Amino acid sequence: MDGVRSDVKVVESPRRVRISDAFLRLFALAFTLVAAVVVGVSKETEIVPITITPSLPTLHLQFTAKWQYMSAFVYFLVSNAIACSYAAASLVYSLAVSSSFNQDAVVLVLSILDLVIMALLFSANGAAAAIGIIGRDGNSHVQWRKVCDMFGGFCHHFTAALVLSLIGSSAFLLLVAFAVLGLHKKPK
């Protein structure tokens with residue numbers, strides 16, 4: 001066998017790559033959809049006792065916590081809805097693309113869009129988490145009080161939505177990482 005050379009190249013099956021791509025897109029679709037729905041339906045109303053001075057009777061006022069009241073939560077919901085819509089469209093497109101198209105161009109365009117959606121989701125997650133931490137802990141420097149003590153259900157729903165959105169964001173991160181690794185392993 002000395003001196004025997006083979007020009008056979010081992011190429012990864014495009015079907016295998018397509019299945020993992022489709023699975024991750026479906027995964028991202030599901031998690032961003034559920035995150036958007038959980039935030040969209042979360043609302044809690046509580047009666048809060050307020051004491052102005054000890055000599056006056058305590059006032060019992062009704063307050064409602066909704067996602068629409070904070071711009072970071074609106075950004076979070078809209079970003080997850082955009083990511084969910086993109087995941088559905090890119091899933092359909094990546095499965096329906098025929099072999100007549102230039103596969104490299106399709107992979108490049110989808111990778112760039114995946115990167116944009118991933119950045120959008122991570123920025124929305126960061127903004128929402130920052131407001132959530134203020135809601136949980138308050139801020140004594142600007143006299144913002146804790147609200148999760150009063151609206152525990154709302155805060156728990158939002159925390160669950162944030163975790164789901166982070167999982168969806170991670171699916172887009174994996175899509176980008178696999179695309180970069182695929183470009184790196186491509187024969188020259």
# chains A, B, ... in the order shown; residues from 1 in each chain; ligands from 1

$ residues_around --residues "segment 23-38 of chain A" --least-positions-apart "3" --cutoff "8 Å" --atoms "only C-alpha atoms" --output "JSON, numbers by chain"
{"A": [19, 20, 41, 42, 76, 77, 78, 80, 81, 83, 84, 85, 87, 88, 90, 91, 157, 158, 160, 161, 162, 164, 165, 167, 168, 169, 171, 172, 174, 175]}

$ residues_around --residues "Gly138 of chain A" --least-positions-apart "6" --cutoff "12 Å" --atoms "only C-alpha atoms" --output "CSV table (one decimal) with all heavy atoms, in the first residue's frame"
chain,number,residue,atom,x,y,z
A,130,ALA,N,-32.6,43.5,33.6
A,130,ALA,CA,-32.2,44.7,34.4
A,130,ALA,C,-33.4,45.3,35.1
A,130,ALA,O,-33.4,45.6,36.3
A,130,ALA,CB,-31.6,45.7,33.5
A,131,ILE,N,-34.6,45.4,34.4
A,131,ILE,CA,-35.8,45.9,35.0
A,131,ILE,C,-36.3,44.9,36.0
A,131,ILE,O,-36.8,45.3,37.1
A,131,ILE,CB,-36.8,46.3,33.9
A,131,ILE,CG1,-36.3,47.4,33.0
A,131,ILE,CG2,-38.2,46.6,34.6
A,131,ILE,CD1,-36.0,48.7,33.8
A,132,GLY,N,-36.2,43.6,35.7
A,132,GLY,CA,-36.7,42.6,36.6
A,132,GLY,C,-35.9,42.6,38.0
A,132,GLY,O,-36.5,42.4,39.0
A,144,TRP,N,-36.7,53.7,44.6
A,144,TRP,CA,-37.6,52.7,43.9
A,144,TRP,C,-37.8,51.5,44.9
A,144,TRP,O,-36.9,50.9,45.3
A,144,TRP,CB,-37.0,52.3,42.6
A,144,TRP,CG,-37.0,53.3,41.6
A,144,TRP,CD1,-37.7,54.5,41.6
A,144,TRP,CD2,-36.2,53.3,40.4
A,144,TRP,NE1,-37.4,55.2,40.4
A,144,TRP,CE2,-36.5,54.5,39.7
A,144,TRP,CE3,-35.4,52.4,39.8
A,144,TRP,CZ2,-35.9,54.8,38.5
A,144,TRP,CZ3,-34.8,52.7,38.6
A,144,TRP,CH2,-35.1,53.9,37.9
A,145,ARG,N,-39.0,51.2,45.1
A,145,ARG,CA,-39.4,50.1,46.0
A,145,ARG,C,-39.5,48.8,45.3
A,145,ARG,O,-39.7,48.8,44.1
A,145,ARG,CB,-40.7,50.5,46.8
A,145,ARG,CG,-40.5,51.7,47.6
A,145,ARG,CD,-41.6,51.8,48.6
A,145,ARG,NE,-41.4,53.0,49.4
A,145,ARG,CZ,-42.3,53.9,49.6
A,145,ARG,NH1,-43.5,53.8,49.2
A,145,ARG,NH2,-42.0,54.9,50.4
A,146,LYS,N,-39.3,47.8,46.1
A,146,LYS,CA,-39.5,46.4,45.5
A,146,LYS,C,-41.0,46.2,45.1
A,146,LYS,O,-41.9,46.7,45.8
A,146,LYS,CB,-39.2,45.3,46.5
A,146,LYS,CG,-37.8,45.4,47.0
A,146,LYS,CD,-37.6,44.4,48.1
A,146,LYS,CE,-36.2,44.5,48.8
A,146,LYS,NZ,-36.0,43.5,49.8
A,147,VAL,N,-41.2,45.6,43.9
A,147,VAL,CA,-42.6,45.4,43.5
A,147,VAL,C,-42.9,43.9,43.5
A,147,VAL,O,-44.1,43.5,43.4
A,147,VAL,CB,-43.0,46.1,42.2
A,147,VAL,CG1,-42.9,47.6,42.3
A,147,VAL,CG2,-42.1,45.6,41.1
A,148,CYS,N,-41.9,43.1,43.4
A,148,CYS,CA,-42.1,41.6,43.4
A,148,CYS,C,-42.7,41.1,44.7
A,148,CYS,O,-43.2,40.0,44.7
A,148,CYS,CB,-40.8,40.9,43.0
A,148,CYS,SG,-40.5,41.1,41.2
A,149,ASP,N,-42.5,41.8,45.8
A,149,ASP,CA,-43.2,41.4,47.0
A,149,ASP,C,-44.7,41.5,46.9
A,149,ASP,O,-45.4,40.6,47.4
A,149,ASP,CB,-42.7,42.3,48.2
A,149,ASP,CG,-41.2,42.1,48.5
A,149,ASP,OD1,-40.7,41.1,48.0
A,149,ASP,OD2,-40.7,43.0,49.2

$ select_by_dssp --residues "segment 22-121 of chain A" --states "strand (DSSP E or B)" --output "list in words"
Lys43, Glu44, Thr45, Glu46, Ile47, Val48, Pro49, Ile50, Leu59, His60, Leu61, Gln62, Phe63, Thr64, Ala65 and Lys66 of chain A

$ residues_around --residues "Gln103 of chain A" --least-positions-apart "6" --cutoff "10 Å" --atoms "only C-alpha atoms" --output "list in words"
Ser94, Val97 and Val109 of chain A

$ closest_residue --among "A:Ala128, A:Thr58, A:Tyr69, A:Leu110" --to "Ala179 of chain A" --atoms "only C-alpha atoms"
A:Leu110

$ decode --residues "segment 31-167 of chain A" --atoms "C-alpha atoms" --output "PDB file, in the first residue's frame"
ATOM      1  CA  PHE A  31     -39.185  28.776  23.051  1.00  0.00           C
ATOM      2  CA  THR A  32     -39.516  32.333  21.728  1.00  0.00           C
ATOM      3  CA  LEU A  33     -43.218  31.759  21.027  1.00  0.00           C
ATOM      4  CA  VAL A  34     -43.890  30.500  24.547  1.00  0.00           C
ATOM      5  CA  ALA A  35     -41.834  33.351  26.048  1.00  0.00           C
ATOM      6  CA  ALA A  36     -43.832  35.929  24.098  1.00  0.00           C
ATOM      7  CA  VAL A  37     -47.154  34.325  25.045  1.00  0.00           C
ATOM      8  CA  VAL A  38     -46.258  34.055  28.743  1.00  0.00           C
ATOM      9  CA  VAL A  39     -45.337  37.743  28.884  1.00  0.00           C
ATOM     10  CA  GLY A  40     -48.313  38.769  26.758  1.00  0.00           C
ATOM     11  CA  VAL A  41     -50.867  37.155  29.048  1.00  0.00           C
ATOM     12  CA  SER A  42     -49.233  38.003  32.376  1.00  0.00           C
ATOM     13  CA  LYS A  43     -51.190  40.511  34.411  1.00  0.00           C
ATOM     14  CA  GLU A  44     -51.727  40.747  38.133  1.00  0.00           C
ATOM     15  CA  THR A  45     -53.967  43.037  40.186  1.00  0.00           C
ATOM     16  CA  GLU A  46     -53.427  43.502  43.891  1.00  0.00           C
ATOM     17  CA  ILE A  47     -54.899  45.702  46.618  1.00  0.00           C
ATOM     18  CA  VAL A  48     -52.030  47.504  48.300  1.00  0.00           C
ATOM     19  CA  PRO A  49     -52.369  49.137  51.746  1.00  0.00           C
ATOM     20  CA  ILE A  50     -50.790  52.600  51.834  1.00  0.00           C
ATOM     21  CA  THR A  51     -50.155  54.512  55.047  1.00  0.00           C
ATOM     22  CA  ILE A  52     -49.498  58.221  54.595  1.00  0.00           C
ATOM     23  CA  THR A  53     -49.193  59.104  58.280  1.00  0.00           C
ATOM     24  CA  PRO A  54     -49.880  57.051  61.376  1.00  0.00           C
ATOM     25  CA  SER A  55     -52.727  59.382  62.388  1.00  0.00           C
ATOM     26  CA  LEU A  56     -54.653  58.822  59.132  1.00  0.00           C
ATOM     27  CA  PRO A  57     -56.404  55.573  58.255  1.00  0.00           C
ATOM     28  CA  THR A  58     -54.690  53.195  55.859  1.00  0.00           C
ATOM     29  CA  LEU A  59     -55.746  53.517  52.237  1.00  0.00           C
ATOM     30  CA  HIS A  60     -56.350  50.338  50.255  1.00  0.00           C
ATOM     31  CA  LEU A  61     -55.663  51.026  46.589  1.00  0.00           C
ATOM     32  CA  GLN A  62     -55.868  48.624  43.676  1.00  0.00           C
ATOM     33  CA  PHE A  63     -52.804  48.392  41.401  1.00  0.00           C
ATOM     34  CA  THR A  64     -52.223  46.299  38.280  1.00  0.00           C
ATOM     35  CA  ALA A  65     -48.916  45.031  36.887  1.00  0.00           C
ATOM     36  CA  LYS A  66     -48.826  44.603  33.096  1.00  0.00           C
ATOM     37  CA  TRP A  67     -46.043  44.131  30.590  1.00  0.00           C
ATOM     38  CA  GLN A  68     -47.189  47.267  28.707  1.00  0.00           C
ATOM     39  CA  TYR A  69     -46.178  49.524  31.603  1.00  0.00           C
ATOM     40  CA  MET A  70     -42.403  49.123  31.076  1.00  0.00           C
ATOM     41  CA  SER A  71     -40.694  49.815  27.763  1.00  0.00           C
ATOM     42  CA  ALA A  72     -38.104  47.092  28.418  1.00  0.00           C
ATOM     43  CA  PHE A  73     -40.909  44.527  28.722  1.00  0.00           C
ATOM     44  CA  VAL A  74     -42.493  45.786  25.497  1.00  0.00           C
ATOM     45  CA  TYR A  75     -39.090  45.477  23.791  1.00  0.00           C
ATOM     46  CA  PHE A  76     -38.761  41.957  25.210  1.00  0.00           C
ATOM     47  CA  LEU A  77     -42.177  40.871  23.914  1.00  0.00           C
ATOM     48  CA  VAL A  78     -41.708  42.414  20.461  1.00  0.00           C
ATOM     49  CA  SER A  79     -38.193  40.943  20.127  1.00  0.00           C
ATOM     50  CA  ASN A  80     -39.446  37.466  20.972  1.00  0.00           C
ATOM     51  CA  ALA A  81     -42.324  37.850  18.513  1.00  0.00           C
ATOM     52  CA  ILE A  82     -39.893  38.936  15.768  1.00  0.00           C
ATOM     53  CA  ALA A  83     -37.541  36.047  16.592  1.00  0.00           C
ATOM     54  CA  CYS A  84     -40.436  33.579  16.561  1.00  0.00           C
ATOM     55  CA  SER A  85     -41.639  34.864  13.185  1.00  0.00           C
ATOM     56  CA  TYR A  86     -38.126  34.751  11.762  1.00  0.00           C
ATOM     57  CA  ALA A  87     -37.569  31.221  13.089  1.00  0.00           C
ATOM     58  CA  ALA A  88     -40.771  30.047  11.391  1.00  0.00           C
ATOM     59  CA  ALA A  89     -39.904  31.742   8.092  1.00  0.00           C
ATOM     60  CA  SER A  90     -36.291  30.549   8.106  1.00  0.00           C
ATOM     61  CA  LEU A  91     -37.386  27.011   8.979  1.00  0.00           C
ATOM     62  CA  VAL A  92     -39.750  26.925   6.021  1.00  0.00           C
ATOM     63  CA  TYR A  93     -37.159  28.541   3.754  1.00  0.00           C
ATOM     64  CA  SER A  94     -34.286  26.284   4.784  1.00  0.00           C
ATOM     65  CA  LEU A  95     -36.403  23.149   4.300  1.00  0.00           C
ATOM     66  CA  ALA A  96     -37.921  24.302   1.003  1.00  0.00           C
ATOM     67  CA  VAL A  97     -34.760  25.572  -0.638  1.00  0.00           C
ATOM     68  CA  SER A  98     -33.973  23.399  -3.631  1.00  0.00           C
ATOM     69  CA  SER A  99     -30.564  22.244  -4.794  1.00  0.00           C
ATOM     70  CA  SER A 100     -30.783  24.632  -7.776  1.00  0.00           C
ATOM     71  CA  PHE A 101     -29.988  27.559  -5.483  1.00  0.00           C
ATOM     72  CA  ASN A 102     -26.451  28.332  -4.450  1.00  0.00           C
ATOM     73  CA  GLN A 103     -26.323  26.612  -1.056  1.00  0.00           C
ATOM     74  CA  ASP A 104     -23.361  28.710   0.104  1.00  0.00           C
ATOM     75  CA  ALA A 105     -25.289  31.929  -0.480  1.00  0.00           C
ATOM     76  CA  VAL A 106     -28.352  30.581   1.356  1.00  0.00           C
ATOM     77  CA  VAL A 107     -26.247  29.465   4.335  1.00  0.00           C
ATOM     78  CA  LEU A 108     -24.471  32.819   4.457  1.00  0.00           C
ATOM     79  CA  VAL A 109     -27.700  34.857   4.370  1.00  0.00           C
ATOM     80  CA  LEU A 110     -29.376  32.670   7.004  1.00  0.00           C
ATOM     81  CA  SER A 111     -26.258  32.839   9.206  1.00  0.00           C
ATOM     82  CA  ILE A 112     -26.169  36.629   9.072  1.00  0.00           C
ATOM     83  CA  LEU A 113     -29.888  36.856   9.865  1.00  0.00           C
ATOM     84  CA  ASP A 114     -29.468  34.312  12.686  1.00  0.00           C
ATOM     85  CA  LEU A 115     -26.724  36.499  14.120  1.00  0.00           C
ATOM     86  CA  VAL A 116     -28.921  39.612  13.960  1.00  0.00           C
ATOM     87  CA  ILE A 117     -31.851  37.833  15.650  1.00  0.00           C
ATOM     88  CA  MET A 118     -29.542  36.381  18.302  1.00  0.00           C
ATOM     89  CA  ALA A 119     -28.201  39.875  19.097  1.00  0.00           C
ATOM     90  CA  LEU A 120     -31.740  41.275  19.218  1.00  0.00           C
ATOM     91  CA  LEU A 121     -32.869  38.582  21.645  1.00  0.00           C
ATOM     92  CA  PHE A 122     -29.850  38.863  23.928  1.00  0.00           C
ATOM     93  CA  SER A 123     -30.244  42.662  24.104  1.00  0.00           C
ATOM     94  CA  ALA A 124     -33.958  42.328  24.921  1.00  0.00           C
ATOM     95  CA  ASN A 125     -33.165  39.686  27.546  1.00  0.00           C
ATOM     96  CA  GLY A 126     -30.588  41.988  29.137  1.00  0.00           C
ATOM     97  CA  ALA A 127     -32.940  44.966  29.221  1.00  0.00           C
ATOM     98  CA  ALA A 128     -35.786  42.934  30.686  1.00  0.00           C
ATOM     99  CA  ALA A 129     -33.508  41.272  33.240  1.00  0.00           C
ATOM    100  CA  ALA A 130     -32.233  44.667  34.406  1.00  0.00           C
ATOM    101  CA  ILE A 131     -35.771  45.921  35.009  1.00  0.00           C
ATOM    102  CA  GLY A 132     -36.651  42.595  36.640  1.00  0.00           C
ATOM    103  CA  ILE A 133     -33.773  42.949  39.098  1.00  0.00           C
ATOM    104  CA  ILE A 134     -34.926  46.441  40.009  1.00  0.00           C
ATOM    105  CA  GLY A 135     -38.448  45.072  40.492  1.00  0.00           C
ATOM    106  CA  ARG A 136     -37.132  42.296  42.722  1.00  0.00           C
ATOM    107  CA  ASP A 137     -34.580  44.283  44.760  1.00  0.00           C
ATOM    108  CA  GLY A 138     -35.627  47.919  44.353  1.00  0.00           C
ATOM    109  CA  ASN A 139     -33.109  50.751  44.317  1.00  0.00           C
ATOM    110  CA  SER A 140     -32.630  52.706  47.526  1.00  0.00           C
ATOM    111  CA  HIS A 141     -30.592  55.447  45.828  1.00  0.00           C
ATOM    112  CA  VAL A 142     -33.562  56.663  43.769  1.00  0.00           C
ATOM    113  CA  GLN A 143     -36.251  55.471  46.206  1.00  0.00           C
ATOM    114  CA  TRP A 144     -37.629  52.740  43.943  1.00  0.00           C
ATOM    115  CA  ARG A 145     -39.354  50.146  46.039  1.00  0.00           C
ATOM    116  CA  LYS A 146     -39.520  46.418  45.503  1.00  0.00           C
ATOM    117  CA  VAL A 147     -42.599  45.388  43.539  1.00  0.00           C
ATOM    118  CA  CYS A 148     -42.110  41.635  43.365  1.00  0.00           C
ATOM    119  CA  ASP A 149     -43.171  41.400  47.005  1.00  0.00           C
ATOM    120  CA  MET A 150     -46.614  42.648  45.984  1.00  0.00           C
ATOM    121  CA  PHE A 151     -46.819  41.189  42.449  1.00  0.00           C
ATOM    122  CA  GLY A 152     -45.169  37.815  42.950  1.00  0.00           C
ATOM    123  CA  GLY A 153     -47.172  36.012  40.282  1.00  0.00           C
ATOM    124  CA  PHE A 154     -46.298  38.594  37.649  1.00  0.00           C
ATOM    125  CA  CYS A 155     -42.615  38.429  38.553  1.00  0.00           C
ATOM    126  CA  HIS A 156     -42.615  34.606  38.439  1.00  0.00           C
ATOM    127  CA  HIS A 157     -44.272  34.606  35.007  1.00  0.00           C
ATOM    128  CA  PHE A 158     -41.752  37.089  33.731  1.00  0.00           C
ATOM    129  CA  THR A 159     -38.829  35.140  35.149  1.00  0.00           C
ATOM    130  CA  ALA A 160     -40.080  32.002  33.394  1.00  0.00           C
ATOM    131  CA  ALA A 161     -40.443  33.935  30.133  1.00  0.00           C
ATOM    132  CA  LEU A 162     -36.922  35.292  30.496  1.00  0.00           C
ATOM    133  CA  VAL A 163     -35.490  31.795  30.972  1.00  0.00           C
ATOM    134  CA  LEU A 164     -37.429  30.518  27.939  1.00  0.00           C
ATOM    135  CA  SER A 165     -36.200  33.422  25.838  1.00  0.00           C
ATOM    136  CA  LEU A 166     -32.612  32.771  26.915  1.00  0.00           C
ATOM    137  CA  ILE A 167     -32.965  29.155  25.774  1.00  0.00           C
TER     138      ILE A 167
END
